[in-house]
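Enquirer: Below is the file input-v2.cif, which contains mmCIF, C-alpha atoms.
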data_upload
#
loop_
_atom_site.label_atom_id
_atom_site.label_comp_id
_atom_site.auth_asym_id
_atom_site.auth_seq_id
_atom_site.Cartn_x
_atom_site.Cartn_y
_atom_site.Cartn_z
CA MET A 1 -49.13 5.33 45.96
CA ASN A 2 -48.60 9.10 45.84
CA LYS A 3 -50.90 10.73 43.26
CA SER A 4 -48.09 12.89 41.91
CA VAL A 5 -46.06 9.73 41.20
CA ALA A 6 -49.01 8.25 39.32
CA ARG A 7 -49.47 11.45 37.30
CA ARG A 8 -45.77 11.57 36.44
CA ALA A 9 -45.88 7.94 35.36
CA ARG A 10 -48.89 8.60 33.16
CA GLN A 11 -47.02 11.48 31.52
CA GLY A 12 -44.05 9.20 30.97
CA VAL A 13 -46.19 6.54 29.28
CA PHE A 14 -47.75 9.25 27.12
CA GLY A 15 -44.23 10.15 26.03
CA PHE A 16 -43.37 6.55 25.18
CA PHE A 17 -46.51 6.03 23.12
CA PHE A 18 -46.08 9.33 21.26
CA LEU A 19 -42.45 8.63 20.36
CA SER A 20 -43.18 5.03 19.37
CA GLY A 21 -46.00 6.23 17.13
CA PHE A 22 -43.74 8.92 15.69
CA VAL A 23 -41.07 6.36 14.76
CA MET A 24 -43.68 4.13 13.09
CA GLY A 25 -45.22 7.14 11.34
CA VAL A 26 -41.86 8.33 9.98
CA TRP A 27 -41.17 4.80 8.76
CA ALA A 28 -44.60 4.41 7.14
CA SER A 29 -44.61 7.84 5.52
CA GLY A 30 -41.08 7.28 4.24
CA LEU A 31 -41.87 3.99 2.51
CA PRO A 32 -42.56 5.57 -0.91
CA SER A 33 -39.18 7.34 -0.78
CA LEU A 34 -37.42 4.16 0.35
CA ASN A 35 -39.15 2.20 -2.40
CA GLU A 36 -38.00 4.66 -5.06
CA ARG A 37 -34.44 4.97 -3.69
CA LEU A 38 -33.78 1.22 -3.69
CA ASP A 39 -36.18 0.39 -6.58
CA LEU A 40 -37.89 -2.28 -4.47
CA GLY A 41 -41.34 -2.91 -5.94
CA PRO A 42 -44.24 -4.56 -4.06
CA ALA A 43 -42.65 -7.99 -3.61
CA ARG A 44 -39.27 -6.90 -2.23
CA LEU A 45 -40.92 -4.21 -0.12
CA GLY A 46 -43.27 -6.88 1.20
CA THR A 47 -40.31 -9.10 2.03
CA ALA A 48 -38.68 -6.30 4.01
CA LEU A 49 -41.88 -5.78 5.97
CA LEU A 50 -42.08 -9.53 6.61
CA LEU A 51 -38.52 -9.54 7.99
CA ILE A 52 -39.43 -6.69 10.31
CA SER A 53 -42.34 -8.83 11.47
CA GLY A 54 -40.10 -11.79 12.20
CA GLY A 55 -37.72 -9.74 14.32
CA ALA A 56 -40.58 -8.11 16.17
CA MET A 57 -42.41 -11.35 16.91
CA VAL A 58 -39.32 -13.02 18.36
CA SER A 59 -38.49 -10.03 20.53
CA MET A 60 -42.07 -9.67 21.77
CA LEU A 61 -42.15 -13.22 23.08
CA ALA A 62 -38.78 -12.69 24.74
CA ALA A 63 -39.72 -9.30 26.18
CA GLY A 64 -42.60 -10.65 28.31
CA PRO A 65 -40.43 -12.76 30.64
CA LEU A 66 -37.89 -9.92 30.76
CA VAL A 67 -40.59 -7.53 31.97
CA ASP A 68 -41.62 -9.97 34.69
CA ARG A 69 -38.00 -10.49 35.74
CA TRP A 70 -36.57 -6.96 35.44
CA SER A 71 -39.77 -4.81 35.59
CA SER A 72 -41.43 -2.93 32.74
CA ARG A 73 -39.67 0.30 33.79
CA ARG A 74 -36.19 -1.14 33.28
CA VAL A 75 -37.08 -2.73 29.97
CA CYS A 76 -38.63 0.57 28.83
CA TRP A 77 -35.38 2.38 29.61
CA ILE A 78 -33.54 0.11 27.18
CA ALA A 79 -36.26 -0.56 24.61
CA GLY A 80 -37.35 3.04 23.99
CA PRO A 81 -34.06 4.51 22.73
CA LEU A 82 -33.16 1.22 21.02
CA SER A 83 -36.38 1.20 18.98
CA ALA A 84 -35.45 4.60 17.50
CA VAL A 85 -31.74 3.98 16.98
CA VAL A 86 -32.40 0.88 14.87
CA LEU A 87 -34.38 3.04 12.44
CA LEU A 88 -30.98 4.13 11.12
CA GLY A 89 -30.48 0.66 9.64
CA PRO A 90 -33.25 0.73 7.01
CA ALA A 91 -32.72 4.46 6.51
CA LEU A 92 -29.06 4.03 5.53
CA ALA A 93 -29.33 0.65 3.80
CA PRO A 94 -27.38 0.97 0.53
CA SER A 95 -29.04 -2.01 -1.14
CA TYR A 96 -31.93 -4.43 -0.83
CA GLY A 97 -29.62 -7.05 0.70
CA TRP A 98 -28.59 -4.74 3.52
CA LEU A 99 -32.20 -3.63 3.96
CA ALA A 100 -33.24 -7.26 4.48
CA VAL A 101 -30.69 -7.72 7.28
CA LEU A 102 -31.30 -4.38 8.98
CA ALA A 103 -35.08 -4.80 8.76
CA VAL A 104 -34.81 -7.71 11.22
CA VAL A 105 -32.90 -5.51 13.68
CA PHE A 106 -35.49 -2.77 13.28
CA GLY A 107 -38.24 -5.28 14.02
CA ILE A 108 -36.49 -6.44 17.20
CA GLY A 109 -36.47 -2.88 18.51
CA LEU A 110 -40.15 -2.39 17.69
CA GLY A 111 -41.21 -5.62 19.40
CA VAL A 112 -39.47 -4.99 22.71
CA VAL A 113 -40.76 -1.45 23.15
CA GLU A 114 -44.35 -2.47 22.30
CA VAL A 115 -44.46 -5.09 25.06
CA ALA A 116 -42.64 -2.95 27.62
CA MET A 117 -44.71 0.21 27.24
CA ASN A 118 -48.01 -1.68 27.05
CA ALA A 119 -47.12 -3.60 30.21
CA HIS A 120 -46.29 -0.34 31.97
CA SER A 121 -49.54 1.23 30.73
CA VAL A 122 -51.48 -1.60 32.42
CA GLU A 123 -49.59 -0.97 35.66
CA VAL A 124 -50.41 2.75 35.47
CA GLU A 125 -54.08 1.97 34.82
CA ARG A 126 -54.16 -0.27 37.90
CA VAL A 127 -52.69 2.55 40.01
CA TYR A 128 -55.32 4.96 38.70
CA GLY A 129 -58.15 2.51 39.31
CA ARG A 130 -59.92 3.52 36.11
CA PRO A 131 -59.28 2.98 32.39
CA VAL A 132 -56.61 5.23 30.89
CA ILE A 133 -55.17 2.93 28.23
CA SER A 134 -57.25 4.31 25.36
CA ALA A 135 -55.66 7.75 25.73
CA PHE A 136 -52.20 6.19 25.54
CA HIS A 137 -53.04 4.58 22.21
CA GLY A 138 -54.51 7.88 21.07
CA THR A 139 -51.16 9.47 21.78
CA TRP A 140 -49.46 6.75 19.71
CA SER A 141 -51.72 7.71 16.80
CA LEU A 142 -50.96 11.39 17.43
CA GLY A 143 -47.27 10.61 17.06
CA GLY A 144 -47.95 8.85 13.77
CA ALA A 145 -50.03 11.75 12.49
CA ALA A 146 -47.30 14.22 13.45
CA ALA A 147 -44.76 12.13 11.56
CA GLY A 148 -46.98 12.01 8.47
CA ILE A 149 -47.44 15.78 8.44
CA LEU A 150 -43.73 16.37 9.04
CA THR A 151 -42.79 13.99 6.22
CA SER A 152 -45.13 15.74 3.81
CA LEU A 153 -43.73 19.16 4.74
CA VAL A 154 -40.14 17.97 4.40
CA LEU A 155 -40.81 16.48 0.96
CA GLN A 156 -42.50 19.68 -0.19
CA LEU A 157 -39.36 21.59 0.83
CA GLY A 158 -37.34 19.35 -1.45
CA VAL A 159 -35.59 17.37 1.31
CA GLU A 160 -35.24 13.65 0.65
CA GLY A 161 -37.22 11.25 2.83
CA GLN A 162 -34.03 9.43 3.77
CA ALA A 163 -32.75 12.52 5.57
CA LEU A 164 -35.81 12.60 7.82
CA LEU A 165 -35.44 8.91 8.69
CA VAL A 166 -31.81 9.45 9.65
CA ALA A 167 -32.66 12.54 11.71
CA ALA A 168 -35.37 10.62 13.59
CA GLY A 169 -32.97 7.77 14.33
CA ILE A 170 -30.49 10.21 15.87
CA VAL A 171 -32.78 12.61 17.77
CA VAL A 172 -35.65 10.45 19.05
CA PRO A 173 -33.51 8.18 21.32
CA PHE A 174 -32.62 11.21 23.44
CA LEU A 175 -36.30 12.24 23.67
CA TYR A 176 -37.11 8.93 25.36
CA VAL A 177 -34.94 9.80 28.39
CA PRO A 178 -37.21 12.42 30.02
CA ALA A 179 -40.20 10.11 29.46
CA ALA A 180 -38.40 7.18 31.08
CA LEU A 181 -37.47 9.29 34.11
CA ARG A 182 -41.18 9.69 34.93
CA LEU A 183 -42.20 6.02 34.91
CA LEU A 184 -43.45 4.14 37.98
CA PRO A 185 -40.78 2.88 40.37
CA ASP A 186 -39.95 -0.81 40.35
CA PRO A 187 -42.13 -3.06 42.54
CA PRO A 188 -40.65 -4.27 45.84
CA ALA A 189 -37.82 -6.74 45.37
CA ASP A 190 -39.66 -9.38 47.38
CA ALA A 191 -42.87 -9.08 45.31
CA VAL A 192 -43.80 -12.46 43.88
CA ALA A 193 -46.32 -12.92 41.08
CA ALA A 194 -49.24 -15.17 41.82
CA PRO A 195 -48.87 -18.66 40.26
CA GLU A 196 -50.79 -19.24 37.06
CA THR A 197 -53.79 -21.54 37.05
CA PRO A 198 -53.32 -24.54 34.73
CA GLY A 199 -54.96 -23.86 31.38
CA LYS A 200 -55.03 -20.12 31.98
CA VAL A 201 -52.85 -17.06 31.47
CA ALA A 202 -53.60 -13.95 33.51
CA GLY A 203 -56.82 -15.61 34.68
CA LEU A 204 -58.08 -16.09 31.11
CA ARG A 205 -58.66 -19.48 29.53
CA TRP A 206 -56.76 -20.26 26.35
CA GLY A 207 -59.97 -20.43 24.31
CA LEU A 208 -60.88 -16.88 25.29
CA ILE A 209 -57.33 -15.73 24.64
CA ALA A 210 -57.56 -17.24 21.15
CA LEU A 211 -60.80 -15.39 20.43
CA LEU A 212 -59.40 -12.14 21.80
CA GLY A 213 -56.27 -12.80 19.79
CA LEU A 214 -58.26 -13.26 16.60
CA ALA A 215 -60.02 -9.93 17.11
CA ALA A 216 -56.70 -8.25 17.94
CA PHE A 217 -55.03 -9.85 14.91
CA ALA A 218 -57.81 -8.70 12.58
CA GLY A 219 -57.80 -5.18 14.01
CA HIS A 220 -54.04 -4.85 13.87
CA LEU A 221 -53.80 -6.21 10.33
CA SER A 222 -56.41 -3.74 9.13
CA GLU A 223 -54.57 -0.95 10.94
CA GLY A 224 -51.18 -2.07 9.64
CA ALA A 225 -52.53 -2.15 6.10
CA ALA A 226 -53.41 1.53 6.42
CA ILE A 227 -50.06 2.41 8.00
CA ASP A 228 -47.93 0.72 5.35
CA TRP A 229 -50.10 0.93 2.24
CA ALA A 230 -52.33 4.04 2.43
CA ALA A 231 -49.64 6.34 1.03
CA LEU A 232 -48.67 3.79 -1.61
CA HIS A 233 -52.33 3.33 -2.62
CA ALA A 234 -52.61 7.09 -3.12
CA ARG A 235 -49.43 7.15 -5.21
CA TRP A 236 -49.84 3.98 -7.27
CA ILE A 237 -53.61 3.65 -7.70
CA LEU A 238 -54.89 7.24 -7.46
CA GLY A 239 -51.82 8.87 -9.05
CA THR A 240 -51.41 11.60 -6.44
CA ASP A 241 -48.32 13.79 -6.18
CA PRO A 242 -45.43 12.22 -4.18
CA ALA A 243 -45.60 15.00 -1.57
CA ALA A 244 -49.38 14.55 -1.15
CA ALA A 245 -49.37 10.74 -0.99
CA PRO A 246 -48.39 10.56 2.73
CA LEU A 247 -51.51 12.58 3.58
CA ALA A 248 -53.64 9.47 2.97
CA TYR A 249 -52.02 7.86 6.01
CA THR A 250 -52.23 11.16 7.90
CA VAL A 251 -56.02 11.29 7.45
CA PHE A 252 -56.27 7.78 8.86
CA ALA A 253 -53.96 8.59 11.79
CA VAL A 254 -55.77 11.84 12.69
CA ALA A 255 -59.16 10.10 12.70
CA MET A 256 -57.78 7.30 14.86
CA THR A 257 -56.16 9.78 17.24
CA THR A 258 -59.37 11.72 17.81
CA VAL A 259 -61.49 8.68 18.55
CA ARG A 260 -58.89 6.99 20.75
CA LEU A 261 -58.62 10.09 22.90
CA LEU A 262 -62.41 9.85 23.37
CA GLY A 263 -62.45 6.06 23.62
CA ASP A 264 -63.20 5.64 27.30
CA PRO A 265 -66.31 7.90 27.33
CA ILE A 266 -67.54 6.21 24.15
CA ARG A 267 -67.18 2.77 25.71
CA ALA A 268 -68.84 3.97 28.90
CA ARG A 269 -71.87 5.08 26.92
CA LEU A 270 -72.16 2.21 24.44
CA GLY A 271 -70.63 -0.63 26.41
CA SER A 272 -67.65 -2.70 25.33
CA VAL A 273 -69.61 -5.19 23.19
CA ARG A 274 -71.45 -2.57 21.14
CA THR A 275 -68.28 -0.49 20.85
CA ILE A 276 -66.24 -3.26 19.25
CA ARG A 277 -69.16 -4.31 17.05
CA LEU A 278 -69.55 -0.75 15.75
CA ALA A 279 -65.78 -0.53 15.31
CA GLY A 280 -65.75 -3.48 12.92
CA LEU A 281 -68.70 -2.13 10.94
CA LEU A 282 -67.18 1.34 10.43
CA ALA A 283 -63.77 -0.05 9.52
CA THR A 284 -65.30 -2.37 6.92
CA LEU A 285 -67.27 0.52 5.41
CA GLY A 286 -64.09 2.60 5.28
CA TYR A 287 -62.17 -0.03 3.34
CA VAL A 288 -65.08 -0.44 0.94
CA LEU A 289 -64.84 3.29 0.13
CA VAL A 290 -61.08 3.05 -0.38
CA LEU A 291 -61.53 0.13 -2.77
CA ALA A 292 -64.29 1.97 -4.64
CA SER A 293 -62.43 5.30 -4.85
CA PRO A 294 -60.85 4.73 -8.31
CA LEU A 295 -64.36 4.41 -9.73
CA ALA A 296 -65.25 7.93 -8.57
CA GLY A 297 -63.36 9.64 -11.41
CA ASP A 298 -60.37 11.97 -11.49
CA GLY A 299 -62.01 14.70 -9.42
CA PRO A 300 -63.52 13.14 -6.30
CA ARG A 301 -61.58 9.88 -6.07
CA VAL A 302 -58.99 11.25 -3.65
CA ALA A 303 -61.74 12.67 -1.42
CA VAL A 304 -63.58 9.32 -1.48
CA ALA A 305 -60.39 7.48 -0.54
CA TRP A 306 -59.61 9.92 2.28
CA THR A 307 -63.16 9.50 3.59
CA GLY A 308 -62.63 5.76 3.56
CA TRP A 309 -59.32 5.97 5.43
CA ALA A 310 -60.94 8.31 7.97
CA LEU A 311 -63.82 5.86 8.60
CA ALA A 312 -61.35 2.99 8.89
CA GLY A 313 -59.41 5.00 11.47
CA VAL A 314 -62.57 5.80 13.43
CA GLY A 315 -63.62 2.16 13.47
CA LEU A 316 -60.26 0.63 14.35
CA ALA A 317 -59.44 3.23 17.01
CA THR A 318 -61.13 1.50 19.95
CA VAL A 319 -60.32 -2.14 19.13
CA VAL A 320 -56.87 -2.43 20.70
CA PRO A 321 -57.56 -0.28 23.81
CA VAL A 322 -60.70 -2.27 24.65
CA ILE A 323 -58.93 -5.63 24.30
CA PHE A 324 -55.73 -4.62 26.10
CA SER A 325 -57.66 -2.99 28.93
CA ALA A 326 -59.83 -6.07 29.38
CA VAL A 327 -56.83 -8.41 29.48
CA GLY A 328 -54.93 -6.14 31.83
CA ALA A 329 -57.87 -5.89 34.21
CA ALA A 330 -57.97 -9.69 34.44
CA GLY A 331 -54.79 -9.59 36.53
CA GLY A 332 -52.02 -12.17 36.48
CA PRO A 333 -48.40 -11.80 35.38
CA VAL A 334 -48.42 -8.59 33.36
CA GLY A 335 -45.33 -9.22 31.25
CA LYS A 336 -46.15 -12.68 29.94
CA ALA A 337 -49.86 -11.99 29.47
CA LEU A 338 -49.34 -8.70 27.65
CA ALA A 339 -46.56 -10.20 25.54
CA LEU A 340 -48.89 -12.98 24.40
CA VAL A 341 -51.79 -10.68 23.53
CA THR A 342 -49.47 -8.11 21.97
CA ALA A 343 -47.86 -10.81 19.84
CA PHE A 344 -51.31 -11.98 18.72
CA GLY A 345 -52.27 -8.49 17.67
CA TYR A 346 -49.05 -7.14 16.25
CA SER A 347 -48.53 -10.27 14.19
CA GLY A 348 -51.45 -8.89 12.21
CA MET A 349 -49.95 -5.39 11.98
CA LEU A 350 -46.49 -6.58 11.03
CA VAL A 351 -47.10 -9.78 9.04
CA GLY A 352 -50.30 -8.63 7.33
CA PRO A 353 -48.91 -5.72 5.30
CA ALA A 354 -46.05 -7.93 4.11
CA VAL A 355 -48.53 -10.53 2.89
CA LEU A 356 -50.44 -7.75 1.17
CA GLY A 357 -47.25 -6.92 -0.71
CA PHE A 358 -47.07 -10.40 -2.20
CA VAL A 359 -50.76 -10.30 -3.12
CA ALA A 360 -50.30 -6.88 -4.70
CA GLU A 361 -47.34 -8.17 -6.70
CA SER A 362 -49.25 -11.19 -8.02
CA SER A 363 -52.51 -9.34 -8.72
CA SER A 364 -52.91 -5.68 -7.67
CA LEU A 365 -52.94 -3.50 -4.58
CA PRO A 366 -56.76 -3.06 -4.63
CA VAL A 367 -57.15 -6.85 -4.59
CA ALA A 368 -54.73 -7.03 -1.66
CA LEU A 369 -56.74 -4.45 0.29
CA VAL A 370 -59.78 -6.73 0.14
CA ILE A 371 -58.04 -8.75 2.89
CA PRO A 372 -58.11 -6.00 5.57
CA ALA A 373 -61.65 -5.13 4.47
CA VAL A 374 -62.79 -8.67 5.29
CA LEU A 375 -60.79 -8.81 8.53
CA ALA A 376 -62.32 -5.53 9.66
CA ALA A 377 -65.62 -7.41 9.76
CA VAL A 378 -63.92 -10.21 11.72
CA VAL A 379 -63.17 -7.64 14.43
CA ALA A 380 -66.88 -7.46 15.16
CA LEU A 381 -67.51 -11.18 14.71
CA ALA A 382 -64.71 -12.30 17.06
CA GLY A 383 -64.60 -9.27 19.33
CA SER A 384 -68.25 -9.24 20.36
CA PRO A 385 -68.39 -12.76 21.87
CA SER A 386 -64.98 -12.48 23.52
CA ILE A 387 -65.74 -9.13 25.15
CA ARG A 388 -69.19 -10.45 26.12
CA ALA A 389 -67.48 -13.38 27.83
CA LEU A 390 -65.27 -10.96 29.76
CA THR A 391 -68.35 -8.98 30.70
CA ALA A 392 -69.86 -12.12 32.21
CA ARG A 393 -66.79 -12.65 34.42
CA PRO A 394 -67.50 -11.50 37.99
CA ALA A 395 -64.11 -9.92 38.70
CA PRO A 396 -62.35 -8.21 35.82
CA GLU A 397 -65.13 -6.47 33.91
CA PRO A 398 -66.22 -4.02 36.60
CA ALA A 399 -62.68 -2.64 36.68
CA ALA A 400 -62.72 -2.22 32.92
CA ALA A 401 -66.23 -0.83 32.89
CA ARG A 402 -65.53 2.17 35.13
CA ASP A 403 -64.73 4.38 32.14
CA SER A 404 -64.65 8.09 32.67
#
Translate this file's structure into structure tokens.

Expert:
Amino acid sequence: MNKSVARRARQGVFGFFFLSGFVMGVWASGLPSLNERLDLGPARLGTALLLISGGAMVSMLAAGPLVDRWSSRRVCWIAGPLSAVVLLGPALAPSYGWLAVLAVVFGIGLGVVEVAMNAHSVEVERVYGRPVISAFHGTWSLGGAAAGILTSLVLQLGVEGQALLVAAGIVVPFLYVPAALRLLPDPPADAVAAPETPGKVAGLRWGLIALLGLAAFAGHLSEGAAIDWAALHARWILGTDPAAAPLAYTVFAVAMTTVRLLGDPIRARLGSVRTIRLAGLLATLGYVLVLASPLAGDGPRVAVAWTGWALAGVGLATVVPVIFSAVGAAGGPVGKALALVTAFGYSGMLVGPAVLGFVAESSSLPVALVIPAVLAAVVALAGSPSIRALTARPAPEPAAARDS
């Protein structure tokens, strides 16, 4: 394939990941404003997040076969703008009842775009012949960080958070168009995917998929906890100013962005097994600091919490790129395989924070955050053996190991 086509496609995928991260960042940073506007509280906010999860999970499983049938490019064309338009639902919801309904629609949009753009990122990586997925996920984090900073600035100017959510739902769909124009062309019409081996998906046995899925679930839940609850922890537990509360998530997102952009060289130096083991250790340490921050006193407690969120971001940064790259390098039907792994992982990101809401309601938010702290350690415990098993495979690992 022409190198200029590959470069254009990579730029297009960068655009998709940035805009998807921006939408999620605007949503996450706007949660305190949404909570105050509708007077939700932890339980009802948790229910809304759970409904988003349900919509996303259903659409993810449906999106995989659609990608295989229509191509990831065509699904991206539809899913990108749709995922931003549906943000208008929660943004304009006049009551908790309407929020519950529109949260499901928002989740459907999120699920489809996640599968489509991740499937296309694997196709771009195969064209390049070397890992490039980590940088895509770094761009997603960059979009989230940009949204957090923008939200903080808008709130400091006295503009309501709802206005920013509405503006994003109107403007971002049009920004997806130039990104979609640069994606890879569809495969030949007569291209037929290789049949799956019984007991395997994309060349991976179900047992290995389950172990990879556990690591992805744990990593995504720990990441989702930071996305949805970092700002609320700063506001509710540390008592920070409403305009400064979103910066807790921003610190996490900036740390994650930096490390993801450097993820391939890091993995090349340390190796995939040591990388994911170190990732779990740093993320666990970060959550421990967040949980201990209220004990630091009025002065340094915010700094301790921000340090914890930064370490959590550093640790969790490489988990998803390493797993997705390994699964993609295994070959097989891209849509179905990526949909399955994505559903494993994002069930943690989308269901986990909702569960944390119920735990926070029944006990406290610090108690709820013990859950992602424990699961951050599970990243290392489940990720190390699964990545080691992939390393032992004769075919896929060399492709994933040529980091540069």

Enquirer: Excluding region 104-112 of chain A and its own-chain neighbours fewer than 5 positions away, which residues fall within 7 Å of it when counting only C-alpha atoms? Please give them as a PyMOL selection string.

Expert: chain A and resi 51-57+59-60+63+79+82-83+86-87

Enquirer: Which residues are close to region 145-149 of chain A, i.e. within 12 Å by all atoms listed in the file, leaving aside same-chain residues fewer than 3 positions away? Reply as a PyMOL selection string.

Expert: chain A and resi 18-31+138-142+152-156+161+164-165+168+172+227-228+230-231+243-258+313

Enquirer: Could you tell me which of A:Arg37, A:Leu157, A:Leu381, A:Val115 comes closest to Ala62 (chain A) if we count all atoms listed in the file?

Expert: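 Comparing A:Arg37, A:Leu157, A:Leu381, A:Val115 against Ala62 (chain A), the winner is A:Val115.
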
Enquirer: Check which residues satisfy the PyMOL selection byres ((chain A and resi 4) around 12) in the file shown, then give them as a list of chain:residue names.

Expert: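 Evaluating the PyMOL selection byres ((chain A and resi 4) around 12) on these coordinates yields A:Met1, A:Asn2, A:Lys3, A:Val5, A:Ala6, A:Arg7, A:Arg8, A:Ala9, A:Arg10, A:Gln11, A:Val127, A:Tyr128, A:Arg182, A:Leu183, A:Leu184.
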
Enquirer: Quick one: which residues end up in the PyMOL selection byres ((chain A and resi 120) around 12) for this structure, as a ChimeraX atom specification?

Expert: /A:6,9-14,16-17,64,67-68,71-77,113-119,121-127,132-133,136,180,182-187,324,328,334-335,338-339

Enquirer: How would the residues just picked look written out with C-alpha atoms as a short mmCIF file (atom, residue, chain, number, x, y, z; two decimals), keeping the file's coordinate frame?

Expert:
data_model
loop_
_atom_site.label_atom_id
_atom_site.label_comp_id
_atom_site.auth_asym_id
_atom_site.auth_seq_id
_atom_site.Cartn_x
_atom_site.Cartn_y
_atom_site.Cartn_z
CA ALA A 6 -49.01 8.25 39.32
CA ALA A 9 -45.88 7.94 35.36
CA ARG A 10 -48.89 8.60 33.16
CA GLN A 11 -47.02 11.48 31.52
CA GLY A 12 -44.05 9.20 30.97
CA VAL A 13 -46.19 6.54 29.28
CA PHE A 14 -47.75 9.25 27.12
CA PHE A 16 -43.37 6.55 25.18
CA PHE A 17 -46.51 6.03 23.12
CA GLY A 64 -42.60 -10.65 28.31
CA VAL A 67 -40.59 -7.53 31.97
CA ASP A 68 -41.62 -9.97 34.69
CA SER A 71 -39.77 -4.81 35.59
CA SER A 72 -41.43 -2.93 32.74
CA ARG A 73 -39.67 0.30 33.79
CA ARG A 74 -36.19 -1.14 33.28
CA VAL A 75 -37.08 -2.73 29.97
CA CYS A 76 -38.63 0.57 28.83
CA TRP A 77 -35.38 2.38 29.61
CA VAL A 113 -40.76 -1.45 23.15
CA GLU A 114 -44.35 -2.47 22.30
CA VAL A 115 -44.46 -5.09 25.06
CA ALA A 116 -42.64 -2.95 27.62
CA MET A 117 -44.71 0.21 27.24
CA ASN A 118 -48.01 -1.68 27.05
CA ALA A 119 -47.12 -3.60 30.21
CA SER A 121 -49.54 1.23 30.73
CA VAL A 122 -51.48 -1.60 32.42
CA GLU A 123 -49.59 -0.97 35.66
CA VAL A 124 -50.41 2.75 35.47
CA GLU A 125 -54.08 1.97 34.82
CA ARG A 126 -54.16 -0.27 37.90
CA VAL A 127 -52.69 2.55 40.01
CA VAL A 132 -56.61 5.23 30.89
CA ILE A 133 -55.17 2.93 28.23
CA PHE A 136 -52.20 6.19 25.54
CA ALA A 180 -38.40 7.18 31.08
CA ARG A 182 -41.18 9.69 34.93
CA LEU A 183 -42.20 6.02 34.91
CA LEU A 184 -43.45 4.14 37.98
CA PRO A 185 -40.78 2.88 40.37
CA ASP A 186 -39.95 -0.81 40.35
CA PRO A 187 -42.13 -3.06 42.54
CA PHE A 324 -55.73 -4.62 26.10
CA GLY A 328 -54.93 -6.14 31.83
CA VAL A 334 -48.42 -8.59 33.36
CA GLY A 335 -45.33 -9.22 31.25
CA LEU A 338 -49.34 -8.70 27.65
CA ALA A 339 -46.56 -10.20 25.54
#

Enquirer: Can you measure CA of Val166 (chain A) to CA of Leu88 (chain A) for me? One decimal in Å is fine.

Expert: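 Atom-to-atom, CA of Val166 (chain A) and CA of Leu88 (chain A) are spaced 5.6 Å apart.
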
Enquirer: May I have the centre and edge lengths, in Å to one decimal, of an axis-aligned box around the listed atoms of region 26-36 of chain A with 4 Å added to every side, as AutoDock Vina command-line options?

Expert:
--center_x -41.0 --center_y 5.3 --center_z 2.5 --size_x 15.2 --size_y 14.1 --size_z 23.0

Enquirer: Separation of CA of Gly15 (chain A) and CA of Ala179 (chain A), in Å?

Expert: 5.3 Å

Enquirer: Mind telling me what the PyMOL selection byres ((chain A and resi 284-291) around 10) catches here, as an MDAnalysis selection string?

Expert: chainID A and resid 222 226 230 233:234 237 278:283 292:296 301:316 365:380

Enquirer: Excluding Ala93 (chain A) and its own-chain neighbours fewer than 6 positions away, which residues fall within 9 Å of it when counting all atoms listed in the file? Please give them as a PDB file with C-alpha atoms, in the coordinates of the input.

Expert:
ATOM      1  CA  LEU A  38     -33.780   1.220  -3.690  1.00  0.00           C
ATOM      2  CA  LEU A  99     -32.200  -3.630   3.960  1.00  0.00           C
ATOM      3  CA  ALA A 100     -33.240  -7.260   4.480  1.00  0.00           C
ATOM      4  CA  LEU A 102     -31.300  -4.380   8.980  1.00  0.00           C
TER       5      LEU A 102
END

Enquirer: Using all atoms listed in the file, find the one residue out of A:Gly213, A:Pro131, A:Pro90, A:Gly299 that sits nearest to Asp264 (chain A).

Expert: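 Checking each candidate against Asp264 (chain A), we get A:Pro131 as the closest.
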
Enquirer: For CA of Arg388 (chain A) and CA of Ala218 (chain A), quote the distance in Å rounded to one decimal.

Expert: 17.8 Å

Enquirer: Using only C-alpha atoms, which of A:Leu66, A:Leu50, A:Leu212, A:Val359 sits nearest Val101 (chain A)?

Expert: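 Nearest candidate to Val101 (chain A) out of A:Leu66, A:Leu50, A:Leu212, A:Val359: A:Leu50.
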
Enquirer: A:Gly207, A:Gly129, A:Gly357, A:Pro173: which is nearest Pro385 (chain A), counting all atoms listed in the file?

Expert: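 Of the candidates, the smallest distance to Pro385 (chain A) is held by A:Gly207.
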
Enquirer: Could you tell me which of A:Ser364, A:Thr47, A:Ser95, A:Thr151 comes closest to Pro242 (chain A) if we count all atoms listed in the file?

Expert: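 Distance minimum relative to Pro242 (chain A) lands on A:Thr151.
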
Enquirer: Of the residues A:Ala389, A:Leu238, A:Pro94, A:Ala210, which is the one nearest to Gly345 (chain A), using only C-alpha atoms?

Expert: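 Using only C-alpha atoms, the shortest distance to Gly345 (chain A) belongs to A:Ala210.
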